[in-house]
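Shown next: coords-v8.cif, given as mmCIF, C-alpha atoms.
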```cif
data_data
loop_
_atom_site.label_atom_id
_atom_site.label_comp_id
_atom_site.auth_asym_id
_atom_site.auth_seq_id
_atom_site.Cartn_x
_atom_site.Cartn_y
_atom_site.Cartn_z
CA MET A 178 0.00 0.00 0.00
CA VAL A 179 2.82 2.39 0.90
CA ASN A 180 4.66 1.48 -2.28
CA ASP A 181 1.53 1.96 -4.40
CA GLU A 182 0.92 5.45 -3.03
CA ALA A 183 4.60 6.33 -3.37
CA GLU A 184 4.60 5.16 -6.98
CA VAL A 185 1.55 7.25 -7.86
CA LEU A 186 3.02 10.37 -6.25
CA ALA A 187 6.41 9.86 -7.89
CA ARG A 188 4.82 9.37 -11.30
CA GLU A 189 2.69 12.53 -10.94
CA ARG A 190 5.65 14.53 -9.69
CA GLU A 191 7.82 13.49 -12.63
CA TYR A 192 5.01 14.16 -15.11
CA PHE A 193 4.52 17.75 -13.94
CA LEU A 194 8.23 18.49 -13.61
CA THR A 195 8.68 17.28 -17.20
CA LEU A 196 5.77 19.48 -18.31
CA LEU A 197 7.28 22.44 -16.52
CA ASP A 198 10.61 21.91 -18.28
CA GLU A 199 8.99 21.52 -21.70
CA ALA A 200 6.29 24.17 -21.54
CA ASN A 201 7.28 27.75 -22.21
CA ALA A 202 3.70 28.98 -21.94
CA VAL A 203 3.45 28.26 -18.21
CA SER A 204 2.88 31.46 -16.29
CA GLU A 205 5.01 32.24 -13.28
CA GLU A 206 2.09 31.66 -10.92
CA ALA A 207 1.18 28.32 -12.55
CA GLY A 208 4.84 27.29 -12.44
CA GLY A 209 4.88 28.15 -8.75
CA ARG A 210 1.87 25.91 -8.18
CA VAL A 211 3.58 23.07 -10.04
CA MET A 212 6.73 23.49 -7.97
CA ALA A 213 4.75 23.64 -4.71
CA SER A 214 2.81 20.48 -5.56
CA CYS A 215 5.93 18.62 -6.62
CA GLY A 216 7.74 19.82 -3.51
CA LYS A 217 5.00 18.51 -1.23
CA ALA A 218 4.99 15.20 -3.07
CA ASN A 219 8.76 15.00 -2.76
CA LEU A 220 8.59 15.72 0.96
CA LEU A 221 6.10 12.89 1.43
CA LEU A 222 8.22 10.50 -0.62
CA THR A 223 11.55 11.30 0.99
CA SER A 224 10.46 11.98 4.54
CA LYS A 225 7.07 10.69 5.64
CA PHE A 226 7.06 7.43 3.66
CA LYS A 227 10.65 6.74 4.69
CA GLN A 228 9.74 7.38 8.32
CA TYR A 229 6.71 5.10 8.08
CA ARG A 230 8.73 2.29 6.49
CA GLY A 231 11.26 2.62 9.32
CA LEU A 232 8.47 2.40 11.88
CA CYS A 233 7.07 -0.67 10.12
CA SER A 234 10.41 -2.47 10.24
CA GLU A 235 10.83 -1.47 13.88
CA TYR A 236 7.32 -2.73 14.64
CA GLU A 237 8.07 -6.07 12.96
CA LYS A 238 11.22 -6.50 15.05
CA THR A 239 9.67 -5.58 18.37
CA SER A 240 6.19 -4.31 19.07
CA ARG A 241 6.75 -3.26 22.67
CA LYS A 242 7.08 0.44 21.89
CA MET A 243 4.29 0.68 19.32
CA THR A 244 0.90 -0.82 18.81
CA ALA A 245 -0.91 -1.62 15.59
CA ASP A 246 -3.24 1.29 16.38
CA ASP A 247 -0.24 3.62 16.52
CA MET A 248 0.87 2.43 13.11
CA GLN A 249 -2.64 2.76 11.69
CA GLY A 250 -3.00 6.28 13.07
CA PHE A 251 0.31 7.40 11.61
CA TRP A 252 -0.62 5.91 8.23
CA GLU A 253 -3.96 7.72 8.27
CA LEU A 254 -2.18 11.01 8.91
CA ILE A 255 0.10 10.35 5.94
CA LEU A 256 -2.91 9.45 3.78
CA LEU A 257 -4.50 12.83 4.57
CA GLN A 258 -1.39 14.52 3.21
CA VAL A 259 -1.32 12.18 0.19
CA GLU A 260 -4.94 13.05 -0.63
CA ASP A 261 -4.11 16.75 -0.36
CA VAL A 262 -1.24 16.37 -2.83
CA LYS A 263 -3.43 14.32 -5.18
CA LYS A 264 -6.00 17.14 -5.15
CA MET A 265 -3.23 19.58 -5.99
CA PHE A 266 -2.18 17.42 -8.94
CA THR A 267 -5.81 17.21 -10.11
CA ALA A 268 -6.02 21.00 -9.97
CA LEU A 269 -2.79 21.15 -12.01
CA ARG A 270 -4.27 18.82 -14.63
CA ASN A 271 -7.29 21.14 -14.88
CA LEU A 272 -4.93 24.10 -15.15
CA LYS A 273 -3.02 22.37 -17.98
CA GLU A 274 -6.30 21.71 -19.83
CA ASN A 275 -7.03 25.43 -19.46
CA ASN A 276 -3.68 26.23 -21.18
CA TRP A 277 -2.10 27.16 -17.83
CA VAL A 278 -4.44 30.13 -17.43
CA ILE A 279 -5.47 30.56 -13.83
CA PRO A 280 -9.15 31.48 -13.63
CA LYS A 281 -9.91 34.62 -11.73
CA SER A 282 -11.93 33.99 -8.62
CA PRO A 283 -15.07 36.09 -8.27
CA MET A 284 -14.80 39.07 -5.98
CA PRO A 285 -16.41 38.51 -2.59
CA LYS A 286 -19.58 40.47 -1.98
CA LYS A 287 -19.07 43.56 0.09
CA LYS A 288 -21.35 44.29 2.98
CA GLY A 289 -23.69 47.17 2.55
CA VAL A 290 -22.44 50.55 3.62
CA GLY A 291 -25.27 51.26 6.01
CA THR A 292 -25.44 47.91 7.83
CA PRO A 293 -26.62 48.43 11.38
CA ARG A 294 -24.20 47.58 14.12
CA THR A 295 -24.99 46.71 17.67
CA PRO A 296 -23.87 49.40 20.06
CA ALA A 297 -21.06 48.53 22.42
CA SER A 298 -23.32 49.15 25.42
CA ASN A 299 -25.39 46.05 24.52
CA LYS A 300 -22.46 43.70 25.07
CA LYS A 301 -22.70 41.48 28.10
CA LYS A 302 -20.15 42.02 30.76
CA PRO A 303 -18.31 38.98 32.09
CA ARG A 304 -19.82 37.63 35.27
CA GLU A 305 -17.94 37.60 38.48
CA LYS A 306 -17.09 34.08 39.59
CA SER A 307 -18.80 32.81 42.65
CA ALA A 308 -16.80 31.72 45.67
CA ALA A 309 -17.47 28.05 44.81
CA GLN A 310 -16.19 28.56 41.25
CA LYS A 311 -13.08 30.31 42.51
CA ALA A 312 -12.44 27.49 44.98
CA ARG A 313 -12.83 24.85 42.22
CA ASP A 314 -10.47 26.76 39.96
CA GLU A 315 -7.91 27.02 42.74
CA GLU A 316 -8.19 23.28 43.50
CA ARG A 317 -7.78 22.49 39.81
CA ARG A 318 -4.65 24.62 39.61
CA LYS A 319 -3.18 22.94 42.69
CA MET A 320 -3.96 19.48 41.33
CA LEU A 321 -2.32 20.26 37.97
CA LEU A 322 0.74 21.67 39.69
CA ALA A 323 1.03 18.54 41.85
CA LYS A 324 0.76 16.28 38.77
CA LYS A 325 3.42 18.29 36.96
CA MET A 326 5.75 18.06 39.93
CA GLU A 327 5.12 14.31 40.20
CA MET A 328 5.91 13.78 36.51
CA LYS A 329 9.01 15.94 36.75
CA GLN A 330 10.25 13.95 39.73
CA LYS A 331 9.55 10.66 37.92
CA MET A 332 11.50 11.80 34.88
CA GLN A 333 14.45 12.86 37.04
CA GLU A 334 14.46 9.48 38.79
CA MET A 335 14.36 7.67 35.46
CA GLN A 336 17.23 9.76 34.11
CA GLU A 337 19.31 9.16 37.23
CA SER A 338 18.72 5.41 37.09
CA GLY A 339 19.46 5.31 33.34
CA GLU A 340 16.02 4.06 32.38
CA VAL A 341 14.65 5.21 29.07
CA PRO A 342 10.88 5.67 29.02
CA ASP A 343 8.95 3.84 26.29
CA VAL A 344 7.74 6.25 23.67
CA ILE A 345 4.38 5.55 22.10
CA ILE A 346 3.81 7.17 18.74
CA THR A 347 0.32 8.56 18.47
#
```

File written out as structure tokens:
Amino acid sequence: MVNDEAEVLAREREYFLTLLDEANAVSEEAGGRVMASCGKANLLLTSKFKQYRGLCSEYEKTSRKMTADDMQGFWELILLQVEDVKKMFTALRNLKENNWVIPKSPMPKKKGVGTPRTPASNKKKPREKSAAQKARDEERRKMLLAKKMEMKQKMQEMQESGEVPDVIIT
């Protein structure tokens, strides 16, 4: 699956880079879009796919640091980026069919000049917190601070003893 996606992206990247080299009629803006799309595809191919393959081989050797869900989640994140790049390439194909002329987007409608605005005096003022709310907030802050201190102490103990914490990729 990884190889299939990588092959599709590499083929599209090479196609558009070849078109860019051959076509003199490509505007500067269209050429920039081609370069951006190819750059994103290249980043996926050289970085993200390589990282995922490394994680797969690590997972096959020992699965104590990662779970199958971790691997699936990472792959889904990569697929989101792959789909984005594929959409960019589709837009480039449409641009090529349009002789590299970028269509002008319609101007957004302006609001009317005399639109009524609510006066500032109608805005609600923030409520004062009750004593119970203030006490809950203070307890919450104390609890978070205690947890942070506990985690910091744990990390220091692990570093002193030479233990390396297991890292779970999410």

**Q.** Picked residues, the PyMOL selection byres ((chain A and resi 273-275) around 12), as number ranges by chain
**A.** A: 192-193, 196-197, 200, 202-204, 207-208, 210-211, 266-272, 276-280

Q: List, as number ranges by chain, every residue that the PyMOL selection byres ((chain A and resi 224-234) around 12) selects in the file provided.
A: A: 178-184, 186-187, 216-223, 235-240, 242-245, 247-259, 345-346

Per-axis box centre and lengths in Å around range 312-315 of chain A, 4 Å margin per side, axis-aligned, as JSON:
```
{"center_x": -10.4, "center_y": 26.2, "center_z": 42.5, "size_x": 12.9, "size_y": 10.6, "size_z": 13.0}
```

**Q.** Distance in Å - CA of Leu322 in chain A versus CA of Lys306 in chain A
**A.** 21.7 Å

Q) Interatomic distance between CA of Glu191 in chain A and CA of Glu260 in chain A? A) 17.5 Å

Q.
One decimal, in Å: what's the spacing between CA of Met265 in chain A and CA of Cys215 in chain A?
A.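 Those two atoms sit 9.2 Å apart.
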
Atoms are missing here; could range 317-332 of chain A be completed with N, CA, C and O atoms and written as a PDB file, in the frame of the given file?
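Below is the file that was written, selection35.pdb:
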```pdb
ATOM      1  N   ARG A 317      -8.222  23.008  41.113  1.00  0.00           N
ATOM      2  CA  ARG A 317      -7.780  22.490  39.810  1.00  0.00           C
ATOM      3  C   ARG A 317      -6.343  22.891  39.540  1.00  0.00           C
ATOM      4  O   ARG A 317      -5.522  22.093  39.105  1.00  0.00           O
ATOM      5  N   ARG A 318      -6.016  24.145  39.811  1.00  0.00           N
ATOM      6  CA  ARG A 318      -4.650  24.620  39.610  1.00  0.00           C
ATOM      7  C   ARG A 318      -3.667  23.867  40.510  1.00  0.00           C
ATOM      8  O   ARG A 318      -2.590  23.467  40.073  1.00  0.00           O
ATOM      9  N   LYS A 319      -4.044  23.666  41.750  1.00  0.00           N
ATOM     10  CA  LYS A 319      -3.180  22.940  42.690  1.00  0.00           C
ATOM     11  C   LYS A 319      -2.970  21.499  42.238  1.00  0.00           C
ATOM     12  O   LYS A 319      -1.859  20.971  42.307  1.00  0.00           O
ATOM     13  N   MET A 320      -4.043  20.860  41.771  1.00  0.00           N
ATOM     14  CA  MET A 320      -3.960  19.480  41.330  1.00  0.00           C
ATOM     15  C   MET A 320      -3.045  19.354  40.105  1.00  0.00           C
ATOM     16  O   MET A 320      -2.201  18.456  40.027  1.00  0.00           O
ATOM     17  N   LEU A 321      -3.180  20.274  39.149  1.00  0.00           N
ATOM     18  CA  LEU A 321      -2.320  20.260  37.970  1.00  0.00           C
ATOM     19  C   LEU A 321      -0.863  20.479  38.343  1.00  0.00           C
ATOM     20  O   LEU A 321       0.033  19.816  37.817  1.00  0.00           O
ATOM     21  N   LEU A 322      -0.617  21.403  39.246  1.00  0.00           N
ATOM     22  CA  LEU A 322       0.740  21.670  39.690  1.00  0.00           C
ATOM     23  C   LEU A 322       1.340  20.432  40.357  1.00  0.00           C
ATOM     24  O   LEU A 322       2.494  20.071  40.111  1.00  0.00           O
ATOM     25  N   ALA A 323       0.547  19.751  41.178  1.00  0.00           N
ATOM     26  CA  ALA A 323       1.030  18.540  41.850  1.00  0.00           C
ATOM     27  C   ALA A 323       1.355  17.456  40.833  1.00  0.00           C
ATOM     28  O   ALA A 323       2.380  16.763  40.944  1.00  0.00           O
ATOM     29  N   LYS A 324       0.504  17.281  39.819  1.00  0.00           N
ATOM     30  CA  LYS A 324       0.760  16.280  38.770  1.00  0.00           C
ATOM     31  C   LYS A 324       2.026  16.613  38.001  1.00  0.00           C
ATOM     32  O   LYS A 324       2.828  15.737  37.688  1.00  0.00           O
ATOM     33  N   LYS A 325       2.212  17.884  37.678  1.00  0.00           N
ATOM     34  CA  LYS A 325       3.420  18.290  36.960  1.00  0.00           C
ATOM     35  C   LYS A 325       4.668  18.001  37.779  1.00  0.00           C
ATOM     36  O   LYS A 325       5.665  17.510  37.259  1.00  0.00           O
ATOM     37  N   MET A 326       4.603  18.311  39.054  1.00  0.00           N
ATOM     38  CA  MET A 326       5.750  18.060  39.930  1.00  0.00           C
ATOM     39  C   MET A 326       6.033  16.556  40.031  1.00  0.00           C
ATOM     40  O   MET A 326       7.181  16.132  40.020  1.00  0.00           O
ATOM     41  N   GLU A 327       4.978  15.764  40.123  1.00  0.00           N
ATOM     42  CA  GLU A 327       5.120  14.310  40.200  1.00  0.00           C
ATOM     43  C   GLU A 327       5.779  13.764  38.930  1.00  0.00           C
ATOM     44  O   GLU A 327       6.699  12.942  39.002  1.00  0.00           O
ATOM     45  N   MET A 328       5.338  14.235  37.781  1.00  0.00           N
ATOM     46  CA  MET A 328       5.910  13.780  36.510  1.00  0.00           C
ATOM     47  C   MET A 328       7.363  14.218  36.386  1.00  0.00           C
ATOM     48  O   MET A 328       8.213  13.465  35.909  1.00  0.00           O
ATOM     49  N   LYS A 329       7.647  15.430  36.815  1.00  0.00           N
ATOM     50  CA  LYS A 329       9.010  15.940  36.750  1.00  0.00           C
ATOM     51  C   LYS A 329       9.932  15.101  37.625  1.00  0.00           C
ATOM     52  O   LYS A 329      11.032  14.728  37.225  1.00  0.00           O
ATOM     53  N   GLN A 330       9.464  14.764  38.814  1.00  0.00           N
ATOM     54  CA  GLN A 330      10.250  13.950  39.730  1.00  0.00           C
ATOM     55  C   GLN A 330      10.470  12.551  39.145  1.00  0.00           C
ATOM     56  O   GLN A 330      11.569  12.004  39.213  1.00  0.00           O
ATOM     57  N   LYS A 331       9.431  11.970  38.546  1.00  0.00           N
ATOM     58  CA  LYS A 331       9.550  10.660  37.920  1.00  0.00           C
ATOM     59  C   LYS A 331      10.590  10.664  36.812  1.00  0.00           C
ATOM     60  O   LYS A 331      11.406   9.750  36.694  1.00  0.00           O
ATOM     61  N   MET A 332      10.550  11.703  35.983  1.00  0.00           N
ATOM     62  CA  MET A 332      11.500  11.800  34.880  1.00  0.00           C
ATOM     63  C   MET A 332      12.927  11.936  35.396  1.00  0.00           C
ATOM     64  O   MET A 332      13.854  11.332  34.864  1.00  0.00           O
TER      65      MET A 332
END
```
